[in-house]
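**Q** One file: model-v2.txt (compact mmCIF, C-alpha atoms).
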```txt
# COMPACT_ATOMS: atom_id res chain seq x y z
CA MET A 1 -18.72 -5.91 -21.04
CA THR A 2 -18.68 -6.55 -17.29
CA THR A 3 -16.65 -9.72 -17.90
CA ALA A 4 -14.19 -7.73 -20.02
CA VAL A 5 -13.76 -5.20 -17.17
CA LYS A 6 -13.19 -7.98 -14.63
CA ASP A 7 -10.67 -9.67 -16.95
CA ALA A 8 -8.85 -6.36 -17.44
CA LEU A 9 -8.69 -5.86 -13.67
CA ARG A 10 -7.24 -9.35 -13.23
CA ASP A 11 -4.61 -8.58 -15.88
CA LEU A 12 -3.87 -5.25 -14.16
CA ASN A 13 -3.49 -7.00 -10.82
CA ILE A 14 -0.95 -9.41 -12.33
CA GLN A 15 1.06 -6.64 -13.97
CA LEU A 16 1.07 -4.45 -10.84
CA SER A 17 2.09 -7.45 -8.72
CA LEU A 18 4.98 -8.11 -11.10
CA LEU A 19 5.98 -4.44 -11.04
CA ASN A 20 5.87 -4.39 -7.24
CA ARG A 21 7.93 -7.58 -6.92
CA ARG A 22 10.59 -6.23 -9.29
CA PHE A 23 10.53 -2.88 -7.53
CA GLY A 24 10.86 -4.62 -4.17
CA GLY A 25 13.82 -6.61 -5.46
CA ARG A 26 15.60 -3.39 -6.38
CA VAL A 27 15.18 -1.80 -2.95
CA GLU A 28 15.24 -5.06 -0.98
CA LEU A 29 11.65 -4.81 0.24
CA ARG A 30 9.24 -7.72 0.42
CA ASP A 31 5.75 -7.14 -0.97
CA VAL A 32 4.28 -6.73 2.51
CA ASP A 33 7.16 -4.40 3.51
CA TRP A 34 6.44 -2.20 0.50
CA THR A 35 2.71 -2.17 1.32
CA CYS A 36 3.41 -1.06 4.89
CA LEU A 37 5.93 1.56 3.77
CA ASP A 38 3.45 2.95 1.25
CA LEU A 39 0.75 3.15 3.93
CA VAL A 40 3.08 4.98 6.33
CA ASN A 41 4.20 7.38 3.58
CA ARG A 42 0.64 8.07 2.40
CA HIS A 43 -1.26 8.07 5.72
CA GLY A 44 1.39 8.52 8.40
CA PRO A 45 2.47 9.05 10.92
CA LEU A 46 0.66 5.94 12.15
CA SER A 47 0.65 3.81 15.26
CA PRO A 48 1.75 0.20 14.75
CA THR A 49 -1.79 -0.93 15.64
CA MET A 50 -3.34 1.28 12.97
CA LEU A 51 -0.77 0.15 10.39
CA ALA A 52 -1.43 -3.52 11.20
CA ARG A 53 -5.16 -2.93 10.69
CA ARG A 54 -4.72 -1.06 7.41
CA ALA A 55 -2.21 -3.58 6.04
CA GLY A 56 -4.21 -6.57 7.25
CA VAL A 57 -1.28 -8.16 9.07
CA HIS A 58 -1.05 -9.64 12.54
CA PRO A 59 0.71 -7.34 15.05
CA ALA A 60 3.38 -9.99 15.69
CA THR A 61 4.11 -10.15 11.96
CA LEU A 62 4.24 -6.37 11.81
CA THR A 63 7.11 -6.28 14.30
CA GLY A 64 9.40 -8.09 11.85
CA ILE A 65 8.25 -5.87 8.99
CA LEU A 66 8.95 -2.71 11.01
CA ASP A 67 12.35 -4.03 12.04
CA ARG A 68 13.29 -4.56 8.37
CA LEU A 69 11.95 -1.14 7.34
CA GLN A 70 13.81 0.58 10.16
CA ARG A 71 17.08 -1.29 9.43
CA GLY A 72 16.72 -0.25 5.78
CA GLY A 73 16.34 3.39 6.77
CA TRP A 74 12.78 3.62 5.40
CA ILE A 75 10.95 4.45 8.65
CA VAL A 76 11.63 5.67 12.17
CA ARG A 77 9.84 4.73 15.35
CA GLU A 78 9.25 7.78 17.52
CA ARG A 79 7.87 8.00 21.03
CA ASP A 80 4.30 9.25 21.00
CA PRO A 81 4.28 12.38 23.20
CA GLU A 82 0.45 12.38 23.23
CA SER A 83 0.17 8.94 24.80
CA ALA A 84 -0.01 8.22 28.52
CA ASP A 85 1.73 4.92 27.73
CA ARG A 86 5.44 5.72 27.55
CA ARG A 87 6.00 2.63 25.39
CA ALA A 88 3.69 3.94 22.64
CA VAL A 89 5.39 4.72 19.35
CA THR A 90 4.44 6.42 16.12
CA LEU A 91 5.79 5.31 12.73
CA ARG A 92 7.05 7.94 10.34
CA GLY A 93 8.47 7.46 6.86
CA VAL A 94 11.94 8.83 6.15
CA ARG A 95 11.07 11.30 3.39
CA GLU A 96 14.69 11.64 2.28
CA ARG A 97 14.54 8.06 0.98
CA ASN A 98 11.51 8.78 -1.23
CA SER A 99 13.63 10.09 -4.11
CA GLU A 100 14.90 6.53 -4.57
CA LEU A 101 11.30 5.30 -4.75
CA PHE A 102 10.27 8.05 -7.19
CA HIS A 103 13.20 7.21 -9.44
CA LEU A 104 12.25 3.53 -9.59
CA PHE A 105 8.62 4.33 -10.36
CA SER A 106 9.41 7.11 -12.84
CA GLY A 107 8.81 4.83 -15.84
CA MET A 108 5.33 3.86 -14.65
CA ASN A 109 4.50 7.43 -13.58
CA GLY A 110 5.54 8.77 -16.99
CA ARG A 111 3.49 6.14 -18.78
CA MET A 112 0.47 6.94 -16.62
CA ASP A 113 0.84 10.66 -17.41
CA GLU A 114 0.93 9.84 -21.14
CA LEU A 115 -2.08 7.54 -20.80
CA CYS A 116 -4.14 10.08 -18.85
CA ALA A 117 -3.33 12.82 -21.38
CA HIS A 118 -5.52 10.97 -23.91
CA TYR A 119 -8.65 11.34 -21.76
CA SER A 120 -10.81 14.37 -21.05
CA GLU A 121 -11.33 15.66 -17.49
CA ALA A 122 -14.82 14.15 -17.49
CA GLU A 123 -13.49 10.76 -18.61
CA LEU A 124 -10.75 10.87 -15.97
CA GLU A 125 -13.39 11.61 -13.33
CA VAL A 126 -15.24 8.45 -14.36
CA VAL A 127 -12.04 6.40 -14.33
CA ALA A 128 -11.05 7.78 -10.90
CA ASP A 129 -14.53 7.07 -9.53
CA PHE A 130 -14.42 3.52 -10.90
CA LEU A 131 -11.00 2.90 -9.37
CA ARG A 132 -12.06 4.28 -5.97
CA ARG A 133 -15.17 2.10 -6.02
CA THR A 134 -13.09 -0.90 -7.07
CA GLY A 135 -10.73 -0.20 -4.16
CA THR A 136 -13.69 -0.05 -1.78
CA ALA A 137 -15.05 -3.34 -3.16
CA GLY A 138 -11.63 -4.92 -2.68
CA HIS A 139 -11.39 -3.60 0.89
CA GLU A 140 -14.86 -4.87 1.77
CA SER A 141 -14.12 -8.26 0.22
CA ALA A 142 -10.85 -8.52 2.15
CA GLU A 143 -12.66 -7.63 5.39
CA GLU A 144 -15.13 -10.46 4.78
CA LEU A 145 -12.23 -12.91 4.70
CA ILE A 146 -10.84 -11.92 8.12
CA GLU A 147 -13.20 -14.07 10.16
CA PRO A 148 -14.49 -17.27 8.60
CA LYS A 149 -18.26 -17.21 8.63
CA LEU A 150 -19.92 -20.23 10.15
CA ILE A 151 -22.42 -21.91 7.87
CA GLU A 152 -25.59 -22.83 9.67
CA PRO A 153 -26.63 -26.47 9.09
```
Give the structure from the file, written as structure tokens.
**A**
Amino acid sequence: MTTAVKDALRDLNIQLSLLNRRFGGRVELRDVDWTCLDLVNRHGPLSPTMLARRAGVHPATLTGILDRLQRGGWIVRERDPESADRRAVTLRGVRERNSELFHLFSGMNGRMDELCAHYSEAELEVVADFLRRTGTAGHESAEELIEPKLIEP
């Protein structure tokens, strides 16, 4: 059964990647742009350093991503009044643009609502716990790949 779960997660990953690519094509966002925008919308406001860490991108790469998101009207860069460094900025999502995102994801959100309606609260708690733990496992696995580990001879 464990193999069936892993296979189902691989299939889910493929389908969500396809959905995200098609979504990105509609709003002219690259996959990494969409990831960064989602992080800012969900966890923001964020500093560029914190966003780079959460998204797993190099700060130099992030500059181009932020430029595209700002040009597209998805985020704003604001001076951080709390910082002693006058160059420090905070990233904030432009909430007025979210209705466009919600519209594009309405099909998936509706299907998820229908799907969840077939499960009891207790079953949904198990599913949510599994997905959170899967997310943690993915995060930990991604962190392991940041620095190549040297193999001792």
**Q** In terms of the shortest atom-to-atom distance over only C-alpha atoms, which of A:Leu37, A:Leu9, A:Val57, A:Met112 is closest to Gly72 of chain A?
**A**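 Nearest candidate to Gly72 of chain A out of A:Leu37, A:Leu9, A:Val57, A:Met112: A:Leu37.
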**Q** Between A:Gly93, A:Ala117, A:Gly107, A:Trp74, single out the one closest to Gly44 of chain A, counting all atoms listed in the file.
**A** A:Gly93
**Q** Contacts between segment 134-144 of chain A and segment 37-130 of chain A, please, where a residue of segment 37-130 of chain A counts if it comes within 10 Å (with only C-alpha atoms); show its shortest atom pair and distance in Å to one decimal, rows by chain and ascending number, as a Markdown table.
**A**
```
| residue | atom | partner | partner_atom | distance |
| --- | --- | --- | --- | --- |
| A:Arg54 | CA | A:His139 | CA | 9.7 |
| A:Gly56 | CA | A:Ala142 | CA | 8.6 |
| A:Ala128 | CA | A:Thr134 | CA | 9.7 |
| A:Asp129 | CA | A:Thr134 | CA | 8.5 |
| A:Phe130 | CA | A:Thr134 | CA | 6.0 |
```
**Q** Could you tell me which of A:Asn98, A:Ser17, A:Gln70, A:Thr3 comes closest to Arg42 of chain A if we count only C-alpha atoms?
**A**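 The shortest atom-to-atom distance to Arg42 of chain A comes from A:Asn98.
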**Q** Quick one, how far is atom CA of Gly73 of chain A from atom CA of Val27 of chain A?
**A** 11.1 Å
**Q** Restricting the calculation to all atoms listed in the file, which member of A:Arg53, A:Arg111, A:Arg92, A:Arg97 is positioned closest to Leu66 of chain A?
**A**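 Of A:Arg53, A:Arg111, A:Arg92, A:Arg97, the one nearest Leu66 of chain A is A:Arg92, counting all atoms listed in the file.
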**Q** For segment 9-20 of chain A, where the input has fewer atoms than it should, I would like all heavy atoms rebuilt and written as an mmCIF file, keeping the file's coordinate frame.
**A**
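Listing of selection.cif after writing:
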```cif
data_model
loop_
_atom_site.group_PDB
_atom_site.id
_atom_site.type_symbol
_atom_site.label_atom_id
_atom_site.label_comp_id
_atom_site.auth_asym_id
_atom_site.auth_seq_id
_atom_site.Cartn_x
_atom_site.Cartn_y
_atom_site.Cartn_z
ATOM 1 N N LEU A 9 -9.161 -6.087 -15.039
ATOM 2 C CA LEU A 9 -8.690 -5.860 -13.670
ATOM 3 C C LEU A 9 -7.781 -6.995 -13.201
ATOM 4 O O LEU A 9 -6.795 -6.759 -12.501
ATOM 5 C CB LEU A 9 -9.875 -5.688 -12.715
ATOM 6 C CG LEU A 9 -10.568 -4.330 -12.785
ATOM 7 C CD1 LEU A 9 -11.841 -4.341 -11.949
ATOM 8 C CD2 LEU A 9 -9.636 -3.212 -12.337
ATOM 9 N N ARG A 10 -8.100 -8.222 -13.582
ATOM 10 C CA ARG A 10 -7.240 -9.350 -13.230
ATOM 11 C C ARG A 10 -5.870 -9.199 -13.895
ATOM 12 O O ARG A 10 -4.832 -9.426 -13.265
ATOM 13 C CB ARG A 10 -7.883 -10.671 -13.645
ATOM 14 C CG ARG A 10 -9.078 -11.030 -12.770
ATOM 15 C CD ARG A 10 -9.766 -12.276 -13.222
ATOM 16 N NE ARG A 10 -8.931 -13.442 -12.911
ATOM 17 C CZ ARG A 10 -9.163 -14.648 -13.377
ATOM 18 N NH1 ARG A 10 -10.185 -14.879 -14.168
ATOM 19 N NH2 ARG A 10 -8.370 -15.655 -13.045
ATOM 20 N N ASP A 11 -5.879 -8.807 -15.180
ATOM 21 C CA ASP A 11 -4.610 -8.580 -15.880
ATOM 22 C C ASP A 11 -3.825 -7.442 -15.216
ATOM 23 O O ASP A 11 -2.605 -7.541 -15.038
ATOM 24 C CB ASP A 11 -4.853 -8.241 -17.355
ATOM 25 C CG ASP A 11 -5.355 -9.427 -18.155
ATOM 26 O OD1 ASP A 11 -5.181 -10.586 -17.706
ATOM 27 O OD2 ASP A 11 -5.944 -9.194 -19.236
ATOM 28 N N LEU A 12 -4.517 -6.373 -14.841
ATOM 29 C CA LEU A 12 -3.870 -5.250 -14.160
ATOM 30 C C LEU A 12 -3.262 -5.704 -12.841
ATOM 31 O O LEU A 12 -2.128 -5.350 -12.519
ATOM 32 C CB LEU A 12 -4.884 -4.119 -13.923
ATOM 33 C CG LEU A 12 -4.382 -2.927 -13.107
ATOM 34 C CD1 LEU A 12 -3.230 -2.227 -13.812
ATOM 35 C CD2 LEU A 12 -5.528 -1.959 -12.838
ATOM 36 N N ASN A 13 -3.992 -6.495 -12.091
ATOM 37 C CA ASN A 13 -3.490 -7.000 -10.820
ATOM 38 C C ASN A 13 -2.191 -7.787 -11.027
ATOM 39 O O ASN A 13 -1.221 -7.614 -10.278
ATOM 40 C CB ASN A 13 -4.537 -7.882 -10.143
ATOM 41 C CG ASN A 13 -4.062 -8.424 -8.825
ATOM 42 O OD1 ASN A 13 -3.655 -7.679 -7.943
ATOM 43 N ND2 ASN A 13 -4.084 -9.737 -8.687
ATOM 44 N N ILE A 14 -2.154 -8.621 -12.042
ATOM 45 C CA ILE A 14 -0.950 -9.410 -12.330
ATOM 46 C C ILE A 14 0.220 -8.494 -12.673
ATOM 47 O O ILE A 14 1.331 -8.658 -12.152
ATOM 48 C CB ILE A 14 -1.222 -10.426 -13.454
ATOM 49 C CG1 ILE A 14 -2.188 -11.510 -12.962
ATOM 50 C CG2 ILE A 14 0.085 -11.037 -13.985
ATOM 51 C CD1 ILE A 14 -2.777 -12.370 -14.065
ATOM 52 N N GLN A 15 -0.024 -7.525 -13.549
ATOM 53 C CA GLN A 15 1.060 -6.640 -13.970
ATOM 54 C C GLN A 15 1.561 -5.764 -12.821
ATOM 55 O O GLN A 15 2.767 -5.539 -12.676
ATOM 56 C CB GLN A 15 0.629 -5.768 -15.151
ATOM 57 C CG GLN A 15 0.414 -6.551 -16.424
ATOM 58 C CD GLN A 15 1.602 -7.431 -16.780
ATOM 59 O OE1 GLN A 15 2.752 -7.000 -16.731
ATOM 60 N NE2 GLN A 15 1.338 -8.685 -17.124
ATOM 61 N N LEU A 16 0.648 -5.268 -11.979
ATOM 62 C CA LEU A 16 1.070 -4.450 -10.840
ATOM 63 C C LEU A 16 1.802 -5.301 -9.800
ATOM 64 O O LEU A 16 2.759 -4.834 -9.174
ATOM 65 C CB LEU A 16 -0.121 -3.725 -10.214
ATOM 66 C CG LEU A 16 -0.721 -2.614 -11.068
ATOM 67 C CD1 LEU A 16 -1.928 -2.006 -10.370
ATOM 68 C CD2 LEU A 16 0.306 -1.553 -11.417
ATOM 69 N N SER A 17 1.378 -6.551 -9.631
ATOM 70 C CA SER A 17 2.090 -7.450 -8.720
ATOM 71 C C SER A 17 3.511 -7.691 -9.214
ATOM 72 O O SER A 17 4.470 -7.664 -8.431
ATOM 73 C CB SER A 17 1.357 -8.778 -8.580
ATOM 74 O OG SER A 17 0.138 -8.604 -7.916
ATOM 75 N N LEU A 18 3.653 -7.916 -10.513
ATOM 76 C CA LEU A 18 4.980 -8.110 -11.100
ATOM 77 C C LEU A 18 5.835 -6.862 -10.927
ATOM 78 O O LEU A 18 6.998 -6.938 -10.519
ATOM 79 C CB LEU A 18 4.843 -8.474 -12.581
ATOM 80 C CG LEU A 18 6.138 -8.638 -13.375
ATOM 81 C CD1 LEU A 18 6.991 -9.757 -12.784
ATOM 82 C CD2 LEU A 18 5.821 -8.915 -14.834
ATOM 83 N N LEU A 19 5.265 -5.700 -11.217
ATOM 84 C CA LEU A 19 5.980 -4.440 -11.040
ATOM 85 C C LEU A 19 6.432 -4.275 -9.589
ATOM 86 O O LEU A 19 7.589 -3.937 -9.314
ATOM 87 C CB LEU A 19 5.093 -3.260 -11.457
ATOM 88 C CG LEU A 19 5.667 -1.860 -11.230
ATOM 89 C CD1 LEU A 19 6.900 -1.627 -12.089
ATOM 90 C CD2 LEU A 19 4.601 -0.805 -11.512
ATOM 91 N N ASN A 20 5.537 -4.544 -8.651
ATOM 92 C CA ASN A 20 5.870 -4.390 -7.240
ATOM 93 C C ASN A 20 6.951 -5.371 -6.791
ATOM 94 O O ASN A 20 7.828 -5.024 -6.003
ATOM 95 C CB ASN A 20 4.621 -4.520 -6.367
ATOM 96 C CG ASN A 20 3.773 -3.283 -6.422
ATOM 97 O OD1 ASN A 20 4.256 -2.182 -6.678
ATOM 98 N ND2 ASN A 20 2.485 -3.444 -6.182
#
```
